[in-house]
Amino acid sequence: MTLPFEQPLHKLQFYVTTPYKCGYLPNKLAQSLIATPQHLIDANIYSGLITQGFRRSGKFAYRPHCENCRACIAVRLALSEFEPTRSQKRAYKQHAQLTAQIFSLYFNQQHYELYERYQSLRHQDEIMGETSNASKDDAEQYRQFLCQSNVESLMIEFKNAKNQVKIVSVVDIVKDGVSAVYTFYDATETKASYGTYSIMWLAEWTKSLNLPYLYLGYWIQDSKKMAYKQQFKPQQKLIDGEWL
């Protein structure tokens, strides 16, 4: 199928995937709309796609396209009006000693091990029943998911005073903002607020680039995993093709 986007997006084709298990709502099937061909989706075209609610996973640009569900809503933080809460300010101050270093996308074994630990602690329900034989496949999936991109993407590494990596954020730079693709961190530190800190840091960094929006991906009202996004306001939601 072809969607009526304005130039130069009209050159793309869009295909709907077969149904697959939804990662956010139990007992639900999901489908995605995939933009192709991949080689045409550069930073300029992706900047147009993201305003239409698309996201990036590796070299794929997609958005939810479920036949009987509209739960996934694209959200972005309007930085000129952003007012952090007291708890968000505390989180930012709590981890102020972390140092950030920005890289082009690449595979780092230390990052991958942190990612594996984060997945096992934060998404244990999704990996129950999988066997250890998947370890090599998991590393390749990680590379495809976070180490490959056709657009302007960066990897931001946060280390503590002991030179230990505590947070890794992968982001895309688009014309009107920064898109937070994926963030993982040391989830064993239960008193830390690394997730909140990373969004606060990205908000400040995006403002320093003179860009107005921090794209936070999709929000789902009935998903506990998505609840944290609503703590960052004021927020714009993409409803029926308009950012409101």
# chains A, B, ... in the order shown; residues from 1 in each chain; ligands from 1
>>> select_by_dssp(residues="range 65-186 of chain A", states="strand (DSSP E)", output="ChimeraX atom specification")
/A:73-78,99-103,153-159,165-174,177-185
>>> write_last_selection(atoms="C-alpha atoms", output="PDB file, in the first residue's frame")
ATOM      1  CA  ILE A  73      -0.077   6.731  21.067  1.00  0.00           C
ATOM      2  CA  ALA A  74       3.089   8.546  19.968  1.00  0.00           C
ATOM      3  CA  VAL A  75       4.153  11.162  22.527  1.00  0.00           C
ATOM      4  CA  ARG A  76       6.750  13.915  22.657  1.00  0.00           C
ATOM      5  CA  LEU A  77       7.890  16.345  25.330  1.00  0.00           C
ATOM      6  CA  ALA A  78       7.550  20.055  24.510  1.00  0.00           C
ATOM      7  CA  THR A  99      29.704  11.478  33.099  1.00  0.00           C
ATOM      8  CA  ALA A 100      28.258  11.196  29.600  1.00  0.00           C
ATOM      9  CA  GLN A 101      30.177  10.283  26.478  1.00  0.00           C
ATOM     10  CA  ILE A 102      28.622  10.274  23.002  1.00  0.00           C
ATOM     11  CA  PHE A 103      29.558   7.753  20.299  1.00  0.00           C
ATOM     12  CA  SER A 153      21.843   7.941  15.427  1.00  0.00           C
ATOM     13  CA  LEU A 154      24.072   8.157  18.497  1.00  0.00           C
ATOM     14  CA  MET A 155      24.884   6.071  21.544  1.00  0.00           C
ATOM     15  CA  ILE A 156      25.265   7.896  24.864  1.00  0.00           C
ATOM     16  CA  GLU A 157      27.162   6.140  27.640  1.00  0.00           C
ATOM     17  CA  PHE A 158      26.922   7.205  31.284  1.00  0.00           C
ATOM     18  CA  LYS A 159      29.655   6.138  33.707  1.00  0.00           C
ATOM     19  CA  VAL A 165      28.780   1.951  32.757  1.00  0.00           C
ATOM     20  CA  LYS A 166      25.445   2.587  34.441  1.00  0.00           C
ATOM     21  CA  ILE A 167      23.224   3.797  31.583  1.00  0.00           C
ATOM     22  CA  VAL A 168      23.272   3.526  27.800  1.00  0.00           C
ATOM     23  CA  SER A 169      20.861   5.510  25.641  1.00  0.00           C
ATOM     24  CA  VAL A 170      20.445   5.167  21.879  1.00  0.00           C
ATOM     25  CA  VAL A 171      18.922   8.231  20.225  1.00  0.00           C
ATOM     26  CA  ASP A 172      18.067   9.558  16.777  1.00  0.00           C
ATOM     27  CA  ILE A 173      18.531  13.188  15.761  1.00  0.00           C
ATOM     28  CA  VAL A 174      15.645  14.504  13.659  1.00  0.00           C
ATOM     29  CA  GLY A 177      14.131  17.101  18.084  1.00  0.00           C
ATOM     30  CA  VAL A 178      15.750  14.024  19.532  1.00  0.00           C
ATOM     31  CA  SER A 179      14.067  10.623  19.566  1.00  0.00           C
ATOM     32  CA  ALA A 180      14.818   8.339  22.508  1.00  0.00           C
ATOM     33  CA  VAL A 181      15.069   4.970  20.760  1.00  0.00           C
ATOM     34  CA  TYR A 182      15.975   2.797  23.749  1.00  0.00           C
ATOM     35  CA  THR A 183      17.603   3.195  27.151  1.00  0.00           C
ATOM     36  CA  PHE A 184      18.879   0.445  29.412  1.00  0.00           C
ATOM     37  CA  TYR A 185      20.652   0.720  32.740  1.00  0.00           C
TER      38      TYR A 185
END
>>> closest_atom_pairs(of="range 53-72 of chain A", to="range 21-28 of chain A", cutoff="12 Å", atoms="only C-alpha atoms", output="Markdown table")
| residue | atom | partner | partner_atom | distance |
| --- | --- | --- | --- | --- |
| A:Pro64 | CA | A:Cys22 | CA | 10.4 |
| A:His65 | CA | A:Cys22 | CA | 11.7 |
| A:Cys66 | CA | A:Lys28 | CA | 9.9 |
| A:Glu67 | CA | A:Lys28 | CA | 11.3 |
| A:Asn68 | CA | A:Lys28 | CA | 10.1 |
| A:Cys69 | CA | A:Lys28 | CA | 9.2 |
| A:Arg70 | CA | A:Leu25 | CA | 11.9 |
| A:Ala71 | CA | A:Leu25 | CA | 9.2 |
| A:Cys72 | CA | A:Tyr24 | CA | 9.4 |
>>> write_last_selection(atoms="C-alpha atoms", output="PDB file, in the first residue's frame")
ATOM      1  CA  PRO A  64       1.618   0.268  15.131  1.00  0.00           C
ATOM      2  CA  HIS A  65      -1.150  -0.717  12.736  1.00  0.00           C
ATOM      3  CA  CYS A  66      -3.454  -3.022  14.696  1.00  0.00           C
ATOM      4  CA  GLU A  67      -6.836  -3.719  13.148  1.00  0.00           C
ATOM      5  CA  ASN A  68      -8.934  -3.438  16.310  1.00  0.00           C
ATOM      6  CA  CYS A  69      -6.687  -1.493  18.677  1.00  0.00           C
ATOM      7  CA  ARG A  70      -5.464   2.106  18.853  1.00  0.00           C
ATOM      8  CA  ALA A  71      -3.818   1.886  22.272  1.00  0.00           C
ATOM      9  CA  CYS A  72      -0.316   2.943  21.114  1.00  0.00           C
TER      10      CYS A  72
END
>>> select_by_dssp(residues="range 98-175 of chain A", states="helix (DSSP H, G or I)", output="PyMOL selection string")
chain A and resi 109-122+124-127+132-146
>>> write_last_selection(atoms="N, CA and C atoms", output="CSV table (one decimal), in the first residue's frame")
chain,number,residue,atom,x,y,z
A,109,GLN,N,30.9,-4.9,24.2
A,109,GLN,CA,30.5,-6.1,25.0
A,109,GLN,C,30.0,-5.7,26.4
A,110,GLN,N,30.6,-4.7,27.0
A,110,GLN,CA,30.2,-4.2,28.3
A,110,GLN,C,28.7,-3.7,28.2
A,111,HIS,N,28.4,-3.0,27.1
A,111,HIS,CA,27.1,-2.5,26.9
A,111,HIS,C,26.1,-3.6,26.8
A,112,TYR,N,26.5,-4.6,26.0
A,112,TYR,CA,25.6,-5.8,25.7
A,112,TYR,C,25.3,-6.5,27.0
A,113,GLU,N,26.3,-6.7,27.9
A,113,GLU,CA,26.1,-7.4,29.1
A,113,GLU,C,25.2,-6.6,30.0
A,114,LEU,N,25.3,-5.3,30.1
A,114,LEU,CA,24.4,-4.5,30.8
A,114,LEU,C,23.0,-4.6,30.3
A,115,TYR,N,22.9,-4.6,29.0
A,115,TYR,CA,21.6,-4.8,28.3
A,115,TYR,C,20.9,-6.2,28.7
A,116,GLU,N,21.7,-7.2,28.7
A,116,GLU,CA,21.2,-8.5,29.1
A,116,GLU,C,20.7,-8.5,30.5
A,117,ARG,N,21.5,-7.9,31.4
A,117,ARG,CA,21.0,-7.9,32.8
A,117,ARG,C,19.7,-7.1,33.0
A,118,TYR,N,19.7,-6.0,32.2
A,118,TYR,CA,18.5,-5.1,32.3
A,118,TYR,C,17.3,-5.9,31.8
A,119,GLN,N,17.4,-6.6,30.7
A,119,GLN,CA,16.3,-7.4,30.1
A,119,GLN,C,15.8,-8.4,31.1
A,120,SER,N,16.8,-9.1,31.7
A,120,SER,CA,16.4,-10.2,32.6
A,120,SER,C,15.7,-9.7,33.8
A,121,LEU,N,16.0,-8.5,34.3
A,121,LEU,CA,15.4,-8.0,35.5
A,121,LEU,C,14.1,-7.2,35.2
A,122,ARG,N,14.1,-6.5,34.1
A,122,ARG,CA,12.9,-5.6,33.8
A,122,ARG,C,11.9,-6.3,32.9
A,124,GLN,N,11.5,-9.8,32.6
A,124,GLN,CA,11.6,-11.3,32.8
A,124,GLN,C,10.4,-12.0,32.3
A,125,ASP,N,9.2,-11.4,32.4
A,125,ASP,CA,8.0,-12.1,32.0
A,125,ASP,C,8.0,-12.4,30.5
A,126,GLU,N,8.8,-11.6,29.7
A,126,GLU,CA,8.9,-11.8,28.3
A,126,GLU,C,9.9,-12.8,27.8
A,127,ILE,N,10.8,-13.2,28.7
A,127,ILE,CA,11.9,-14.1,28.3
A,127,ILE,C,11.8,-15.5,29.0
A,132,SER,N,19.0,-21.3,27.0
A,132,SER,CA,20.3,-20.6,26.9
A,132,SER,C,20.9,-20.7,25.5
A,133,ASN,N,20.4,-21.6,24.7
A,133,ASN,CA,20.9,-21.7,23.3
A,133,ASN,C,20.7,-20.5,22.5
A,134,ALA,N,19.8,-19.5,23.0
A,134,ALA,CA,19.5,-18.3,22.3
A,134,ALA,C,20.5,-17.2,22.4
A,135,SER,N,21.6,-17.5,23.2
A,135,SER,CA,22.5,-16.4,23.6
A,135,SER,C,23.2,-15.8,22.4
A,136,LYS,N,23.6,-16.6,21.4
A,136,LYS,CA,24.3,-16.1,20.2
A,136,LYS,C,23.3,-15.3,19.4
A,137,ASP,N,22.0,-15.8,19.3
A,137,ASP,CA,21.0,-15.1,18.6
A,137,ASP,C,20.7,-13.8,19.3
A,138,ASP,N,20.7,-13.8,20.6
A,138,ASP,CA,20.4,-12.6,21.3
A,138,ASP,C,21.4,-11.5,21.0
A,139,ALA,N,22.7,-11.8,21.0
A,139,ALA,CA,23.7,-10.9,20.7
A,139,ALA,C,23.5,-10.3,19.3
A,140,GLU,N,23.1,-11.1,18.3
A,140,GLU,CA,22.9,-10.6,17.0
A,140,GLU,C,21.6,-9.7,16.9
A,141,GLN,N,20.6,-10.1,17.7
A,141,GLN,CA,19.4,-9.3,17.7
A,141,GLN,C,19.7,-7.9,18.3
A,142,TYR,N,20.6,-7.9,19.3
A,142,TYR,CA,21.0,-6.7,20.0
A,142,TYR,C,21.7,-5.8,18.9
A,143,ARG,N,22.6,-6.4,18.2
A,143,ARG,CA,23.3,-5.6,17.1
A,143,ARG,C,22.3,-5.0,16.1
A,144,GLN,N,21.4,-5.8,15.7
A,144,GLN,CA,20.4,-5.4,14.7
A,144,GLN,C,19.5,-4.3,15.3
A,145,PHE,N,19.1,-4.4,16.5
A,145,PHE,CA,18.2,-3.5,17.2
A,145,PHE,C,18.8,-2.2,17.5
A,146,LEU,N,20.0,-2.2,18.1
A,146,LEU,CA,20.6,-0.9,18.6
A,146,LEU,C,21.9,-0.5,18.0
>>> atom_distance(atom1="CA of Thr85 in chain A", atom2="CA of Ala161 in chain A")
26.6 Å
>>> atom_distance(atom1="CA of Ser149 in chain A", atom2="CA of Phe60 in chain A")
8.2 Å
>>> closest_residue(among="A:Ala227, A:His10, A:Ala91, A:Glu83", to="Tyr194 in chain A", atoms="only C-alpha atoms")
A:Ala91
>>> residues_around(residues="range 232-241 of chain A", least_positions_apart="2", cutoff="12 Å", atoms="only C-alpha atoms", output="PyMOL selection string")
chain A and resi 5+49-54+63+70-89+196-197+199-200+203+212-220+226-230+243-244
>>> write_last_selection(atoms="C-alpha atoms", output="mmCIF file, in the first residue's frame")
data_model
loop_
_atom_site.group_PDB
_atom_site.id
_atom_site.type_symbol
_atom_site.label_atom_id
_atom_site.label_comp_id
_atom_site.auth_asym_id
_atom_site.auth_seq_id
_atom_site.Cartn_x
_atom_site.Cartn_y
_atom_site.Cartn_z
ATOM 1 C CA PHE A 5 2.642 11.651 2.380
ATOM 2 C CA LEU A 49 8.117 9.812 9.258
ATOM 3 C CA ILE A 50 8.560 10.468 12.964
ATOM 4 C CA THR A 51 6.090 13.366 12.822
ATOM 5 C CA GLN A 52 3.619 10.793 11.440
ATOM 6 C CA GLY A 53 4.093 8.542 14.456
ATOM 7 C CA PHE A 54 6.807 6.227 13.127
ATOM 8 C CA ARG A 63 4.411 2.312 13.518
ATOM 9 C CA ARG A 70 -5.464 2.106 18.853
ATOM 10 C CA ALA A 71 -3.818 1.886 22.272
ATOM 11 C CA CYS A 72 -0.316 2.943 21.114
ATOM 12 C CA ILE A 73 -0.077 6.731 21.067
ATOM 13 C CA ALA A 74 3.089 8.546 19.968
ATOM 14 C CA VAL A 75 4.153 11.162 22.527
ATOM 15 C CA ARG A 76 6.750 13.915 22.657
ATOM 16 C CA LEU A 77 7.890 16.345 25.330
ATOM 17 C CA ALA A 78 7.550 20.055 24.510
ATOM 18 C CA LEU A 79 10.835 21.265 25.975
ATOM 19 C CA SER A 80 10.126 25.013 25.997
ATOM 20 C CA GLU A 81 7.336 24.361 28.497
ATOM 21 C CA PHE A 82 8.805 21.398 30.367
ATOM 22 C CA GLU A 83 8.644 21.821 34.141
ATOM 23 C CA PRO A 84 10.281 18.953 36.060
ATOM 24 C CA THR A 85 8.588 17.683 39.194
ATOM 25 C CA ARG A 86 10.389 17.641 42.533
ATOM 26 C CA SER A 87 11.100 13.920 42.222
ATOM 27 C CA GLN A 88 12.520 14.415 38.721
ATOM 28 C CA LYS A 89 14.770 17.201 39.978
ATOM 29 C CA THR A 196 14.233 9.318 35.113
ATOM 30 C CA TYR A 197 17.746 10.736 35.068
ATOM 31 C CA ILE A 199 15.171 11.438 30.259
ATOM 32 C CA MET A 200 16.090 14.561 32.230
ATOM 33 C CA ALA A 203 15.777 16.880 27.707
ATOM 34 C CA PRO A 212 12.034 21.806 20.514
ATOM 35 C CA TYR A 213 10.970 18.203 21.126
ATOM 36 C CA LEU A 214 12.104 15.037 22.867
ATOM 37 C CA TYR A 215 10.252 12.106 21.291
ATOM 38 C CA LEU A 216 9.475 9.447 23.901
ATOM 39 C CA GLY A 217 8.023 6.727 21.688
ATOM 40 C CA TYR A 218 4.616 5.226 22.361
ATOM 41 C CA TRP A 219 2.430 5.517 25.430
ATOM 42 C CA ILE A 220 -0.247 2.933 26.259
ATOM 43 C CA MET A 226 4.591 2.912 29.866
ATOM 44 C CA ALA A 227 3.226 4.711 32.936
ATOM 45 C CA TYR A 228 6.461 6.620 33.655
ATOM 46 C CA LYS A 229 6.153 8.614 30.426
ATOM 47 C CA GLN A 230 3.095 10.464 31.713
ATOM 48 C CA TRP A 243 -0.057 16.604 17.624
ATOM 49 C CA LEU A 244 -2.297 17.787 20.457
#
